[in-house]
$ cat final_19.txt   # compact mmCIF, C-alpha atoms
# COMPACT_ATOMS: atom_id res chain seq x y z
CA MET M 1 -0.30 -30.99 44.91
CA ASN M 2 1.31 -28.04 46.62
CA GLU M 3 2.99 -26.42 43.60
CA LEU M 4 0.24 -23.84 43.40
CA TYR M 5 0.59 -23.11 47.08
CA ALA M 6 4.38 -22.80 46.74
CA LEU M 7 3.96 -20.45 43.79
CA ILE M 8 1.62 -18.17 45.74
CA LYS M 9 3.93 -18.24 48.73
CA SER M 10 6.99 -17.31 46.66
CA LEU M 11 5.39 -13.95 45.82
CA SER M 12 5.66 -11.02 48.21
CA VAL M 13 2.54 -9.16 49.34
CA PRO M 14 2.77 -6.27 46.81
CA GLU M 15 3.47 -8.78 44.05
CA ARG M 16 0.35 -10.75 44.95
CA MET M 17 -1.72 -7.55 44.93
CA LEU M 18 -0.30 -6.59 41.55
CA ALA M 19 -0.98 -10.07 40.21
CA PHE M 20 -4.62 -9.74 41.27
CA VAL M 21 -5.02 -6.28 39.71
CA ILE M 22 -3.61 -7.46 36.38
CA LEU M 23 -4.79 -11.07 36.15
CA ALA M 24 -8.26 -10.86 37.73
CA PRO M 25 -9.96 -8.89 34.91
CA LEU M 26 -8.40 -11.19 32.31
CA ALA M 27 -9.60 -14.33 34.10
CA GLY M 28 -12.95 -12.74 35.01
CA GLY M 29 -13.57 -11.63 31.42
CA LEU M 30 -12.69 -15.07 30.12
CA LEU M 31 -15.06 -16.70 32.62
CA SER M 32 -17.77 -14.27 31.56
CA GLY M 33 -17.15 -15.24 27.92
CA ILE M 34 -17.36 -18.93 28.78
CA ASP M 35 -20.57 -18.13 30.65
CA ARG M 36 -22.13 -16.55 27.56
CA LYS M 37 -20.99 -19.35 25.26
CA LEU M 38 -22.22 -22.03 27.64
CA SER M 39 -25.53 -20.26 28.23
CA ALA M 40 -26.04 -20.10 24.47
CA ARG M 41 -25.24 -23.80 24.08
CA LEU M 42 -27.70 -24.66 26.84
CA GLN M 43 -30.36 -22.72 24.93
CA GLY M 44 -29.51 -24.51 21.68
CA ARG M 45 -27.75 -21.47 20.18
CA TYR M 46 -24.22 -21.21 18.81
CA GLY M 47 -23.27 -18.30 21.02
CA PRO M 48 -20.78 -15.43 20.78
CA PRO M 49 -16.99 -15.95 20.77
CA VAL M 50 -15.41 -16.65 24.14
CA LEU M 51 -13.58 -13.30 23.99
CA GLN M 52 -16.85 -11.42 23.43
CA PRO M 53 -16.84 -9.64 26.85
CA PHE M 54 -13.45 -8.11 25.97
CA TYR M 55 -14.79 -6.96 22.60
CA ASP M 56 -17.76 -5.38 24.37
CA VAL M 57 -15.56 -3.52 26.84
CA MET M 58 -13.14 -2.32 24.15
CA LYS M 59 -16.08 -1.02 22.16
CA LEU M 60 -17.68 0.68 25.16
CA LEU M 61 -14.39 2.44 25.95
CA ARG M 62 -14.43 3.91 22.42
CA LYS M 63 -18.02 5.17 22.60
CA GLU M 64 -18.92 8.78 23.22
CA ARG M 65 -19.10 9.73 26.88
CA ILE M 66 -22.57 10.98 27.76
CA ILE M 67 -23.16 12.00 31.36
CA VAL M 68 -26.35 13.24 32.94
CA ASN M 69 -24.61 15.13 35.73
CA LYS M 70 -20.99 15.54 36.70
CA PHE M 71 -21.24 13.31 39.77
CA GLN M 72 -22.54 10.35 37.79
CA ASP M 73 -19.22 8.66 36.97
CA PHE M 74 -17.56 9.45 40.30
CA PRO M 75 -19.33 6.69 42.33
CA ILE M 76 -18.61 4.21 39.52
CA VAL M 77 -14.87 4.94 39.69
CA LEU M 78 -15.04 4.46 43.48
CA PHE M 79 -17.02 1.24 42.93
CA LEU M 80 -14.14 -0.06 40.80
CA LEU M 81 -11.42 1.19 43.17
CA PHE M 82 -12.96 -0.32 46.30
CA THR M 83 -13.62 -3.63 44.57
CA ILE M 84 -9.96 -3.75 43.48
CA PHE M 85 -8.94 -2.69 47.00
CA SER M 86 -10.87 -5.49 48.70
CA GLY M 87 -9.80 -8.03 46.09
CA ALA M 88 -6.14 -7.06 46.43
CA LEU M 89 -6.40 -7.34 50.23
CA PHE M 90 -7.96 -10.77 49.91
CA PHE M 91 -5.35 -12.14 47.53
CA ALA M 92 -2.54 -10.61 49.59
CA GLY M 93 -3.79 -12.77 52.48
CA ALA M 94 -4.98 -9.90 54.67
CA ASP M 95 -8.05 -9.66 56.90
CA LEU M 96 -11.19 -11.37 55.59
CA LEU M 97 -13.55 -9.01 57.44
CA LEU M 98 -11.88 -5.94 55.91
CA THR M 99 -12.29 -7.53 52.48
CA ILE M 100 -15.99 -8.11 53.08
CA PHE M 101 -16.59 -4.58 54.34
CA GLY M 102 -14.58 -3.14 51.46
CA LEU M 103 -16.79 -5.06 49.05
CA ALA M 104 -19.94 -3.83 50.82
CA LEU M 105 -18.65 -0.24 50.54
CA ALA M 106 -18.02 -0.76 46.83
CA GLY M 107 -21.60 -2.00 46.43
CA THR M 108 -22.83 1.10 48.25
CA PHE M 109 -21.06 3.35 45.74
CA PHE M 110 -22.71 1.46 42.90
CA VAL M 111 -26.13 2.11 44.46
CA LEU M 112 -25.21 5.80 44.92
CA GLY M 113 -24.33 5.90 41.22
CA GLY M 114 -27.78 4.56 40.41
CA PHE M 115 -29.46 7.14 42.63
CA CYS M 116 -27.55 10.22 41.45
CA VAL M 117 -29.37 10.31 38.11
CA SER M 118 -33.04 11.15 37.67
CA SER M 119 -34.21 8.13 35.66
CA PRO M 120 -36.97 6.23 37.49
CA TYR M 121 -35.65 2.95 36.05
CA SER M 122 -32.25 3.63 37.52
CA HIS M 123 -33.84 4.45 40.90
CA LEU M 124 -35.87 1.26 40.85
CA GLY M 125 -32.76 -0.72 39.98
CA ALA M 126 -30.82 0.97 42.80
CA GLU M 127 -33.60 0.21 45.29
CA ARG M 128 -33.58 -3.43 44.25
CA GLU M 129 -29.80 -3.46 44.55
CA ILE M 130 -30.16 -2.31 48.17
CA ILE M 131 -32.66 -5.09 48.86
CA GLN M 132 -30.24 -7.59 47.32
CA THR M 133 -27.41 -6.25 49.47
CA VAL M 134 -29.53 -6.66 52.59
CA ALA M 135 -30.43 -10.17 51.44
CA TYR M 136 -26.87 -11.44 50.89
CA GLU M 137 -24.77 -9.47 53.37
CA PRO M 138 -25.60 -11.51 56.56
CA MET M 139 -24.48 -14.74 54.89
CA VAL M 140 -21.17 -13.20 53.75
CA ILE M 141 -20.40 -12.12 57.33
CA LEU M 142 -21.49 -15.52 58.69
CA MET M 143 -19.01 -17.10 56.30
CA ALA M 144 -16.19 -15.09 57.87
CA VAL M 145 -17.46 -16.01 61.36
CA GLY M 146 -17.61 -19.69 60.46
CA MET M 147 -14.07 -19.64 59.09
CA TYR M 148 -12.90 -17.91 62.26
CA GLN M 149 -14.53 -20.61 64.41
CA VAL M 150 -12.69 -23.35 62.57
CA THR M 151 -9.28 -21.76 62.05
CA GLY M 152 -9.15 -19.23 64.90
CA SER M 153 -8.19 -16.40 62.58
CA PHE M 154 -9.76 -13.86 60.25
CA ARG M 155 -6.59 -13.62 58.16
CA VAL M 156 -7.05 -15.04 54.68
CA GLY M 157 -3.43 -16.24 54.69
CA THR M 158 -3.96 -18.30 57.85
CA ILE M 159 -7.32 -19.66 56.68
CA ALA M 160 -5.82 -20.73 53.33
CA HIS M 161 -2.99 -22.60 55.10
CA HIS M 162 -5.28 -24.37 57.56
CA HIS M 163 -4.52 -28.10 57.53
CA ALA M 164 -8.10 -29.41 57.95
CA PRO M 165 -10.68 -29.14 55.15
CA LEU M 166 -13.03 -26.25 56.02
CA ILE M 167 -15.85 -27.70 53.95
CA LEU M 168 -16.25 -30.60 56.40
CA TYR M 169 -16.79 -28.17 59.28
CA LEU M 170 -18.85 -25.65 57.32
CA PRO M 171 -21.15 -27.51 54.89
CA GLY M 172 -24.17 -25.39 55.88
CA VAL M 173 -22.22 -22.16 55.58
CA PHE M 174 -20.98 -23.23 52.15
CA ALA M 175 -24.53 -24.07 51.02
CA GLY M 176 -25.74 -20.68 52.25
CA PHE M 177 -22.80 -18.96 50.55
CA LEU M 178 -23.62 -20.78 47.31
CA TYR M 179 -27.18 -19.45 47.55
CA ILE M 180 -26.19 -15.81 47.95
CA LEU M 181 -23.43 -16.21 45.34
CA THR M 182 -26.21 -16.33 42.74
CA ILE M 183 -27.26 -12.86 43.89
CA LYS M 184 -23.68 -11.56 43.80
CA PHE M 185 -23.07 -12.97 40.31
CA ARG M 186 -26.31 -11.31 39.14
CA LYS M 187 -27.63 -14.64 37.92
CA SER M 188 -31.17 -15.37 36.93
CA PRO M 189 -33.48 -15.97 39.86
CA PHE M 190 -31.96 -12.87 41.48
CA ASP M 191 -31.03 -10.52 38.63
CA LEU M 192 -33.52 -7.94 39.83
CA SER M 193 -31.44 -4.78 39.71
CA MET M 194 -29.92 -5.35 36.28
CA SER M 195 -29.83 -8.24 33.87
CA HIS M 196 -27.29 -9.52 31.40
CA HIS M 197 -30.03 -11.12 29.36
CA ALA M 198 -31.96 -9.71 26.45
CA HIS M 199 -35.27 -9.69 28.32
CA GLN M 200 -35.62 -6.75 30.63
CA GLU M 201 -38.42 -5.32 32.69
CA ILE M 202 -36.89 -2.09 33.98
CA VAL M 203 -34.82 -1.20 30.87
CA ARG M 204 -31.32 -1.92 32.25
CA GLY M 205 -32.10 -1.22 35.89
CA ILE M 206 -29.27 0.43 37.77
CA THR M 207 -27.06 0.79 34.67
CA THR M 208 -29.76 2.50 32.58
CA GLU M 209 -28.09 5.93 32.59
CA PHE M 210 -24.51 4.71 32.25
CA SER M 211 -23.16 4.57 28.73
CA GLY M 212 -19.83 4.02 27.02
CA PRO M 213 -16.74 4.12 29.29
CA ALA M 214 -18.74 4.16 32.55
CA LEU M 215 -20.55 0.97 31.52
CA ALA M 216 -17.19 -0.57 30.62
CA LEU M 217 -15.96 0.23 34.14
CA ILE M 218 -19.05 -1.46 35.64
CA GLU M 219 -18.34 -4.55 33.52
CA ILE M 220 -14.66 -4.66 34.54
CA THR M 221 -15.66 -4.22 38.20
CA HIS M 222 -17.96 -7.19 37.86
CA TRP M 223 -15.03 -9.30 36.62
CA TYR M 224 -12.98 -8.32 39.65
CA GLU M 225 -15.92 -9.11 41.91
CA VAL M 226 -16.41 -12.55 40.36
CA MET M 227 -12.74 -13.42 40.90
CA LEU M 228 -12.86 -12.24 44.51
CA LEU M 229 -15.98 -14.31 45.23
CA LEU M 230 -14.49 -17.39 43.59
CA GLY M 231 -11.46 -16.79 45.82
CA MET M 232 -13.80 -17.06 48.81
CA VAL M 233 -15.13 -20.37 47.45
CA TYR M 234 -11.47 -21.45 47.15
CA LEU M 235 -11.00 -20.94 50.91
CA PHE M 236 -13.53 -23.70 51.70
CA PHE M 237 -11.36 -26.26 49.86
CA ALA M 238 -7.96 -24.64 50.49
CA PHE M 239 -6.50 -27.81 52.09
CA ASN M 240 -5.94 -29.06 48.54
CA PRO M 241 -5.17 -26.14 46.14
CA TRP M 242 -5.95 -27.98 42.90
CA LEU M 243 -9.22 -29.32 44.27
CA ALA M 244 -10.04 -25.79 45.42
CA VAL M 245 -9.48 -24.33 41.95
CA VAL M 246 -11.61 -27.07 40.40
CA MET M 247 -14.36 -26.49 42.96
CA ALA M 248 -14.32 -22.73 42.35
CA LEU M 249 -14.79 -23.34 38.62
CA ALA M 250 -17.45 -25.98 39.32
CA THR M 251 -19.29 -23.42 41.45
CA TYR M 252 -19.26 -20.98 38.55
CA LEU M 253 -20.62 -23.62 36.17
CA PHE M 254 -23.29 -24.48 38.72
CA GLU M 255 -24.35 -20.83 38.85
CA ILE M 256 -24.65 -20.75 35.04
CA PHE M 257 -26.84 -23.85 35.23
CA ILE M 258 -29.05 -22.19 37.87
CA ASP M 259 -29.16 -19.05 35.73
CA MET M 260 -30.50 -20.99 32.75
CA ASN M 261 -33.11 -22.88 34.76
CA TYR M 262 -34.93 -20.25 36.75
CA ALA M 263 -37.21 -17.37 35.98
CA ARG M 264 -36.69 -14.14 37.88
CA PHE M 265 -37.93 -13.98 41.49
CA LYS M 266 -39.84 -11.07 42.96
CA TRP M 267 -37.88 -9.04 45.48
CA GLN M 268 -39.99 -10.32 48.38
CA LEU M 269 -39.15 -13.93 47.54
CA THR M 270 -35.49 -13.07 46.94
CA PHE M 271 -35.21 -11.37 50.30
CA MET M 272 -37.19 -13.94 52.33
CA SER M 273 -35.57 -16.99 50.76
CA ALA M 274 -32.05 -15.58 51.16
CA TRP M 275 -32.59 -14.82 54.85
CA LEU M 276 -34.36 -18.13 55.45
CA PHE M 277 -31.52 -20.01 53.83
CA THR M 278 -28.99 -17.98 55.81
CA ALA M 279 -30.81 -18.82 59.03
CA VAL M 280 -31.35 -22.51 58.33
CA ALA M 281 -28.02 -23.37 56.71
CA GLY M 282 -25.62 -20.72 57.98
CA VAL M 283 -26.70 -19.95 61.53
CA SER M 284 -27.48 -23.55 62.44
CA ASN M 285 -24.06 -24.63 61.15
CA ILE M 286 -22.38 -22.03 63.32
CA ILE M 287 -24.43 -22.98 66.41
CA VAL M 288 -23.53 -26.65 65.94
CA LEU M 289 -19.90 -25.68 65.52
CA SER M 290 -19.88 -23.63 68.73
CA LEU M 291 -21.54 -26.54 70.64
CA MET M 292 -18.90 -28.95 69.36
CA ARG M 293 -16.04 -26.87 70.79
CA MET J 1 -8.99 -3.98 15.25
CA GLY J 2 -12.64 -3.32 14.56
CA TRP J 3 -14.24 -3.37 17.97
CA PHE J 4 -17.52 -1.87 16.84
CA LYS J 5 -18.31 -4.56 14.32
CA ARG J 6 -17.49 -7.20 16.92
CA SER J 7 -19.99 -5.97 19.46
CA PRO J 8 -22.88 -3.98 17.97
CA TRP J 9 -25.80 -3.59 20.34
CA ILE J 10 -29.22 -3.07 18.79
CA LEU J 11 -32.07 -0.90 19.97
CA HIS J 12 -35.31 -1.84 18.31
CA TYR J 13 -38.22 0.58 17.98
CA ASN J 14 -41.59 -0.07 16.45
CA ALA J 15 -42.70 3.15 14.74
CA THR J 16 -46.23 2.32 13.54
CA SER J 17 -45.25 -1.07 12.20
CA CYS J 18 -47.79 -3.87 11.74
CA ASN J 19 -45.54 -6.03 13.99
CA GLY J 20 -44.53 -8.29 11.09
CA CYS J 21 -40.98 -6.94 10.85
CA ASP J 22 -40.71 -6.82 14.67
CA ILE J 23 -41.45 -10.52 14.89
CA GLU J 24 -38.81 -11.21 12.23
CA LEU J 25 -36.29 -9.05 14.09
CA ILE J 26 -36.92 -10.99 17.29
CA ALA J 27 -36.85 -14.23 15.27
CA SER J 28 -33.28 -13.45 14.25
CA LEU J 29 -32.32 -13.66 17.94
CA THR J 30 -33.78 -17.15 18.30
CA PRO J 31 -31.66 -20.35 18.19
CA LEU J 32 -32.25 -20.83 14.45
CA TYR J 33 -30.60 -17.55 13.37
CA ASP J 34 -28.84 -16.58 16.64
CA LEU J 35 -27.71 -12.98 16.10
CA GLU J 36 -25.71 -13.19 19.33
CA ARG J 37 -23.05 -15.29 17.61
CA PHE J 38 -21.88 -12.00 16.08
CA GLY J 39 -21.82 -10.41 19.51
CA ILE J 40 -25.09 -8.62 18.78
CA ILE J 41 -27.29 -7.95 21.78
CA ASN J 42 -30.84 -6.66 21.66
CA THR J 43 -30.81 -3.96 24.32
CA GLY J 44 -33.81 -1.97 25.46
CA ASN J 45 -31.74 1.04 26.40
CA PRO J 46 -30.77 3.75 23.88
CA LYS J 47 -27.76 4.73 25.99
CA HIS J 48 -26.21 1.30 25.49
CA ALA J 49 -27.11 0.94 21.81
CA ASP J 50 -24.99 1.34 18.69
CA ILE J 51 -27.59 0.47 16.07
CA LEU J 52 -31.14 1.83 16.00
CA ALA J 53 -33.41 -0.58 14.10
CA VAL J 54 -36.70 1.11 13.22
CA THR J 55 -39.68 -0.70 11.76
CA GLY J 56 -42.82 0.88 10.36
CA SER J 57 -43.66 4.00 8.35
CA VAL J 58 -43.34 6.49 11.26
CA ASN J 59 -46.39 8.63 12.07
CA GLU J 60 -46.73 12.01 13.79
CA LYS J 61 -46.64 10.57 17.30
CA SER J 62 -43.72 8.23 16.81
CA THR J 63 -41.63 10.91 15.08
CA GLN J 64 -40.82 12.56 18.40
CA VAL J 65 -40.05 9.23 20.03
CA VAL J 66 -37.71 8.10 17.25
CA ARG J 67 -35.85 11.44 17.35
CA ASN J 68 -35.61 11.25 21.14
CA LEU J 69 -34.20 7.72 21.03
CA TYR J 70 -31.71 8.71 18.35
CA ASP J 71 -30.54 11.73 20.34
CA GLN J 72 -30.00 9.62 23.45
CA MET J 73 -27.67 7.19 21.71
CA PRO J 74 -23.96 7.90 22.15
CA ASN J 75 -21.82 8.34 19.01
CA PRO J 76 -20.91 6.56 16.77
CA LYS J 77 -24.41 5.34 15.89
CA VAL J 78 -26.16 3.89 12.87
CA VAL J 79 -29.82 3.82 11.86
CA VAL J 80 -31.24 0.77 10.10
CA ALA J 81 -34.66 0.92 8.43
CA VAL J 82 -36.14 -2.58 8.71
CA GLY J 83 -38.85 -3.52 6.22
CA ILE J 84 -40.34 -1.74 3.22
CA CYS J 85 -42.56 0.53 5.38
CA ALA J 86 -39.54 1.93 7.18
CA THR J 87 -37.70 2.24 3.87
CA SER J 88 -40.29 4.14 1.84
CA GLY J 89 -43.69 3.94 3.47
CA CYS J 90 -44.75 1.32 0.93
CA VAL J 91 -48.54 1.25 0.34
CA PHE J 92 -49.05 3.66 3.23
CA GLN J 93 -46.89 6.29 1.52
CA ASP J 94 -49.82 8.55 0.56
CA CYS J 95 -51.66 8.22 3.86
CA TYR J 96 -52.26 11.57 5.54
CA ASN J 97 -51.00 10.31 8.90
CA VAL J 98 -47.61 8.81 8.04
CA GLN J 99 -44.23 10.37 7.26
CA GLY J 100 -43.45 7.63 4.76
CA GLY J 101 -40.14 6.15 5.83
CA VAL J 102 -37.63 6.66 8.60
CA ASP J 103 -35.37 8.77 6.37
CA LYS J 104 -37.89 11.62 6.55
CA VAL J 105 -37.00 11.88 10.23
CA LEU J 106 -33.51 10.45 10.78
CA PRO J 107 -30.37 9.96 8.66
CA VAL J 108 -30.77 6.30 7.67
CA ASP J 109 -27.61 4.32 6.85
CA VAL J 110 -28.98 0.91 5.85
CA TYR J 111 -32.28 0.01 4.19
CA ILE J 112 -33.58 -3.53 4.54
CA PRO J 113 -36.48 -4.17 2.12
CA GLY J 114 -39.08 -6.88 2.46
CA CYS J 115 -42.60 -7.32 3.74
CA ALA J 116 -41.92 -8.62 6.24
CA ALA J 117 -38.12 -8.37 6.08
CA ARG J 118 -36.64 -11.87 6.30
CA PRO J 119 -34.34 -12.66 9.25
CA GLU J 120 -31.53 -13.42 6.75
CA ALA J 121 -31.99 -9.97 5.22
CA ILE J 122 -32.03 -8.37 8.66
CA ILE J 123 -28.80 -10.12 9.67
CA ASP J 124 -27.20 -9.03 6.39
CA GLY J 125 -28.37 -5.44 6.94
CA VAL J 126 -27.07 -5.37 10.49
CA MET J 127 -23.67 -6.66 9.37
CA LYS J 128 -23.58 -3.83 6.77
CA ALA J 129 -24.49 -1.42 9.57
CA CYS J 130 -21.48 -2.69 11.54
CA GLU J 131 -19.16 -1.69 8.68
CA ILE J 132 -20.70 1.77 8.60
CA LEU J 133 -20.30 1.98 12.38
CA GLU J 134 -16.57 1.36 11.93
CA GLU J 135 -16.38 4.03 9.23
CA LYS J 136 -18.18 6.54 11.43
CA TYR J 137 -15.78 5.84 14.28
CA ALA J 138 -12.79 6.31 11.95
CA GLN J 139 -14.27 9.62 10.76
CA ARG J 140 -14.81 10.81 14.31
CA LYS J 141 -11.26 9.86 15.18
CA LYS J 142 -9.95 11.74 12.16
CA SER J 143 -11.96 14.89 12.83
CA GLY J 144 -10.65 14.97 16.40
CA LYS J 145 -14.10 14.84 17.95
CA LEU J 146 -12.93 12.01 20.15
CA ALA J 147 -10.61 14.22 22.16
CA GLU J 148 -13.33 16.63 23.28
CA SER J 149 -16.02 14.02 23.95

$ encode --input "final_19.txt" --output "structure tokens"
Amino acid sequence: MNELYALIKSLSVPERMLAFVILAPLAGGLLSGIDRKLSARLQGRYGPPVLQPFYDVMKLLRKERIIVNKFQDFPIVLFLLFTIFSGALFFAGADLLLTIFGLALAGTFFVLGGFCVSSPYSHLGAEREIIQTVAYEPMVILMAVGMYQVTGSFRVGTIAHHHAPLILYLPGVFAGFLYILTIKFRKSPFDLSMSHHAHQEIVRGITTEFSGPALALIEITHWYEVMLLLGMVYLFFAFNPWLAVVMALATYLFEIFIDMNYARFKWQLTFMSAWLFTAVAGVSNIIVLSLMR
Amino acid sequence: MGWFKRSPWILHYNATSCNGCDIELIASLTPLYDLERFGIINTGNPKHADILAVTGSVNEKSTQVVRNLYDQMPNPKVVVAVGICATSGCVFQDCYNVQGGVDKVLPVDVYIPGCAARPEAIIDGVMKACEILEEKYAQRKKSGKLAES
């Protein structure tokens, strides 16, 4: 049961960071490929090969680089760097709050990238991205608060080694986190700012003006982000590492299922429902927890 | 490794088509034909596209739009004329208001005949376009254009 845990512990901090930087895009890309294959099967299609996301990225890296202005790619590079930074911190077992704020900063750079071009579609996508950020961010911070209440620490290392199962103390927080995870994964009821699907209403939203290598960077960043978020799901079940890995994968499959079943929400509904869910599930869980102590 | 033929993204534009070929093009994305099994995505954004699929005989108004879309696509790129109207203008060839085929406006690489073009023919044409995409990339690499872009 604890082989996985022993393996992680045998690595030093820089080694863990390096492992994240190298392995996360591979695992994230593979998950994304499984996502596309599974989505296709759910729609009664055969679907692309599982390695399709890698093919896409390799192709995009070989395309001509067209930029609208010279600042356009700069925020995207920072988006990638800060996502890697927060992911590496997380998997090194450092502070959970710093990870969350690093991720929020990365998201901010993505929005800046959307705003620094003149396309109205890109602007609309960036505005929706901001609304999404406002919708999910409270729940992410509440998750860190909830974990602190149970374990008495914000350090990912300490939380992961906590003896009691966090999920039993934080079921509401987990439910709320699951809800906003759909927004973070850019899955269907909440894929307002950009969509992976063929149907689109605002061209490609925030990525409209990004082509070739810049788009490849956005895709790779998304893989890193997915792995980091699944790592956060892992923390809820960290008392049993294998169960935690299985639950993280199950969460991803659940999100694909949600993605296939729902039509896109309007931004008002996205925002209101996310905050309502945060309040009902997340806040009430934390109040109950503080009364119990 | 041919990355371009593994992941060609299509931009579809209706240049004065009767919608027959457009429906067939969309039909090839449906579960029965499933273009996505070749990694093909129908994108609405010229900046993400590799293949421009044009239907219809192209009139004065759509000429500018087709050129604009083509110019916005990053290299290497391929143009596919879908349906007989896009190929030659067909029965509308002598009309005063049409150009009579996409090749009067853009350098077309693949012609797909048919009225309307069958999904099987479209898939075949797009796969041919993928090969040409690879060739164009190899040419660009050879001519050293890659370094400056």

$ atom_distance --input "final_19.txt" --atom1 "atom CA of J:Ile40" --atom2 "atom CA of J:Ser57"
24.8 Å

$ interface_residues --input "final_19.txt" --of "chain J" --to "chain M" --cutoff "9 Å" --atoms "all atoms listed in the file" --output "PyMOL selection string"
chain J and resi 2-8+30-50+72-76+137+146+149

$ residues_around --input "final_19.txt" --residues "stretch 125-128 of chain J" --least-positions-apart "2" --cutoff "8 Å" --atoms "all atoms listed in the file" --output "MDAnalysis selection string"
chainID J and resid 5 80 110:112 121:123 130:132

$ atom_distance --input "final_19.txt" --atom1 "atom CA of J:Glu24" --atom2 "atom CA of J:Pro119"
5.6 Å

$ atom_distance --input "final_19.txt" --atom1 "atom CA of M:Asp35" --atom2 "atom CA of M:Val246"
16.0 Å

$ closest_residue --input "final_19.txt" --among "M:Ala238, M:Leu170, M:Ile130, M:Leu142" --to "M:Thr158" --atoms "only C-alpha atoms"
M:Ala238

$ closest_residue --input "final_19.txt" --among "J:Asp109, J:Glu120, J:Asp71, J:Glu60" --to "J:Tyr96" --atoms "all atoms listed in the file"
J:Glu60

$ residues_around --input "final_19.txt" --residues "stretch 103-108 of chain J" --least-positions-apart "6" --cutoff "9 Å" --atoms "all atoms listed in the file" --output "PyMOL selection string"
chain J and resi 58+63+66-67+70+78-81+86-88

$ residues_around --input "final_19.txt" --residues "J:Val54" --least-positions-apart "2" --cutoff "7 Å" --atoms "all atoms listed in the file" --output "PDB file with C-alpha atoms, in the coordinates of the input"
ATOM      1  CA  HIS J  12     -35.310  -1.840  18.310  1.00  0.00           C
ATOM      2  CA  TYR J  13     -38.220   0.580  17.980  1.00  0.00           C
ATOM      3  CA  ASN J  14     -41.590  -0.070  16.450  1.00  0.00           C
ATOM      4  CA  ALA J  15     -42.700   3.150  14.740  1.00  0.00           C
ATOM      5  CA  LEU J  52     -31.140   1.830  16.000  1.00  0.00           C
ATOM      6  CA  GLY J  56     -42.820   0.880  10.360  1.00  0.00           C
ATOM      7  CA  VAL J  80     -31.240   0.770  10.100  1.00  0.00           C
ATOM      8  CA  ALA J  81     -34.660   0.920   8.430  1.00  0.00           C
ATOM      9  CA  VAL J  82     -36.140  -2.580   8.710  1.00  0.00           C
ATOM     10  CA  ALA J  86     -39.540   1.930   7.180  1.00  0.00           C
TER      11      ALA J  86
END

$ axis_aligned_box --input "final_19.txt" --around "stretch 76-79 of chain J" --padding-each-side "8 Å" --output "JSON"
{"center_x": -25.4, "center_y": 5.2, "center_z": 14.3, "size_x": 24.9, "size_y": 18.7, "size_z": 20.9}

$ closest_residue --input "final_19.txt" --among "M:Phe236, M:Phe85, M:Phe91, M:Phe185" --to "M:Met143" --atoms "all atoms listed in the file"
M:Phe236

$ residues_around --input "final_19.txt" --residues "M:Tyr224" --least-positions-apart "5" --cutoff "12 Å" --atoms "only C-alpha atoms" --output "PyMOL selection string"
chain M and resi 20-32+79-88+90-91+103+106+184-185+217-219+229-231

$ write_last_selection --input "final_19.txt" --atoms "C-alpha atoms" --output "compact mmCIF listing (two decimals), in the frame of the given file"
# COMPACT_ATOMS: atom_id res chain seq x y z
CA PHE M 20 -4.62 -9.74 41.27
CA VAL M 21 -5.02 -6.28 39.71
CA ILE M 22 -3.61 -7.46 36.38
CA LEU M 23 -4.79 -11.07 36.15
CA ALA M 24 -8.26 -10.86 37.73
CA PRO M 25 -9.96 -8.89 34.91
CA LEU M 26 -8.40 -11.19 32.31
CA ALA M 27 -9.60 -14.33 34.10
CA GLY M 28 -12.95 -12.74 35.01
CA GLY M 29 -13.57 -11.63 31.42
CA LEU M 30 -12.69 -15.07 30.12
CA LEU M 31 -15.06 -16.70 32.62
CA SER M 32 -17.77 -14.27 31.56
CA PHE M 79 -17.02 1.24 42.93
CA LEU M 80 -14.14 -0.06 40.80
CA LEU M 81 -11.42 1.19 43.17
CA PHE M 82 -12.96 -0.32 46.30
CA THR M 83 -13.62 -3.63 44.57
CA ILE M 84 -9.96 -3.75 43.48
CA PHE M 85 -8.94 -2.69 47.00
CA SER M 86 -10.87 -5.49 48.70
CA GLY M 87 -9.80 -8.03 46.09
CA ALA M 88 -6.14 -7.06 46.43
CA PHE M 90 -7.96 -10.77 49.91
CA PHE M 91 -5.35 -12.14 47.53
CA LEU M 103 -16.79 -5.06 49.05
CA ALA M 106 -18.02 -0.76 46.83
CA LYS M 184 -23.68 -11.56 43.80
CA PHE M 185 -23.07 -12.97 40.31
CA LEU M 217 -15.96 0.23 34.14
CA ILE M 218 -19.05 -1.46 35.64
CA GLU M 219 -18.34 -4.55 33.52
CA LEU M 229 -15.98 -14.31 45.23
CA LEU M 230 -14.49 -17.39 43.59
CA GLY M 231 -11.46 -16.79 45.82

$ residues_around --input "final_19.txt" --residues "M:Gly152" --least-positions-apart "5" --cutoff "12 Å" --atoms "all atoms listed in the file" --output "PyMOL selection string"
chain M and resi 144-147+158-159+162+166+293
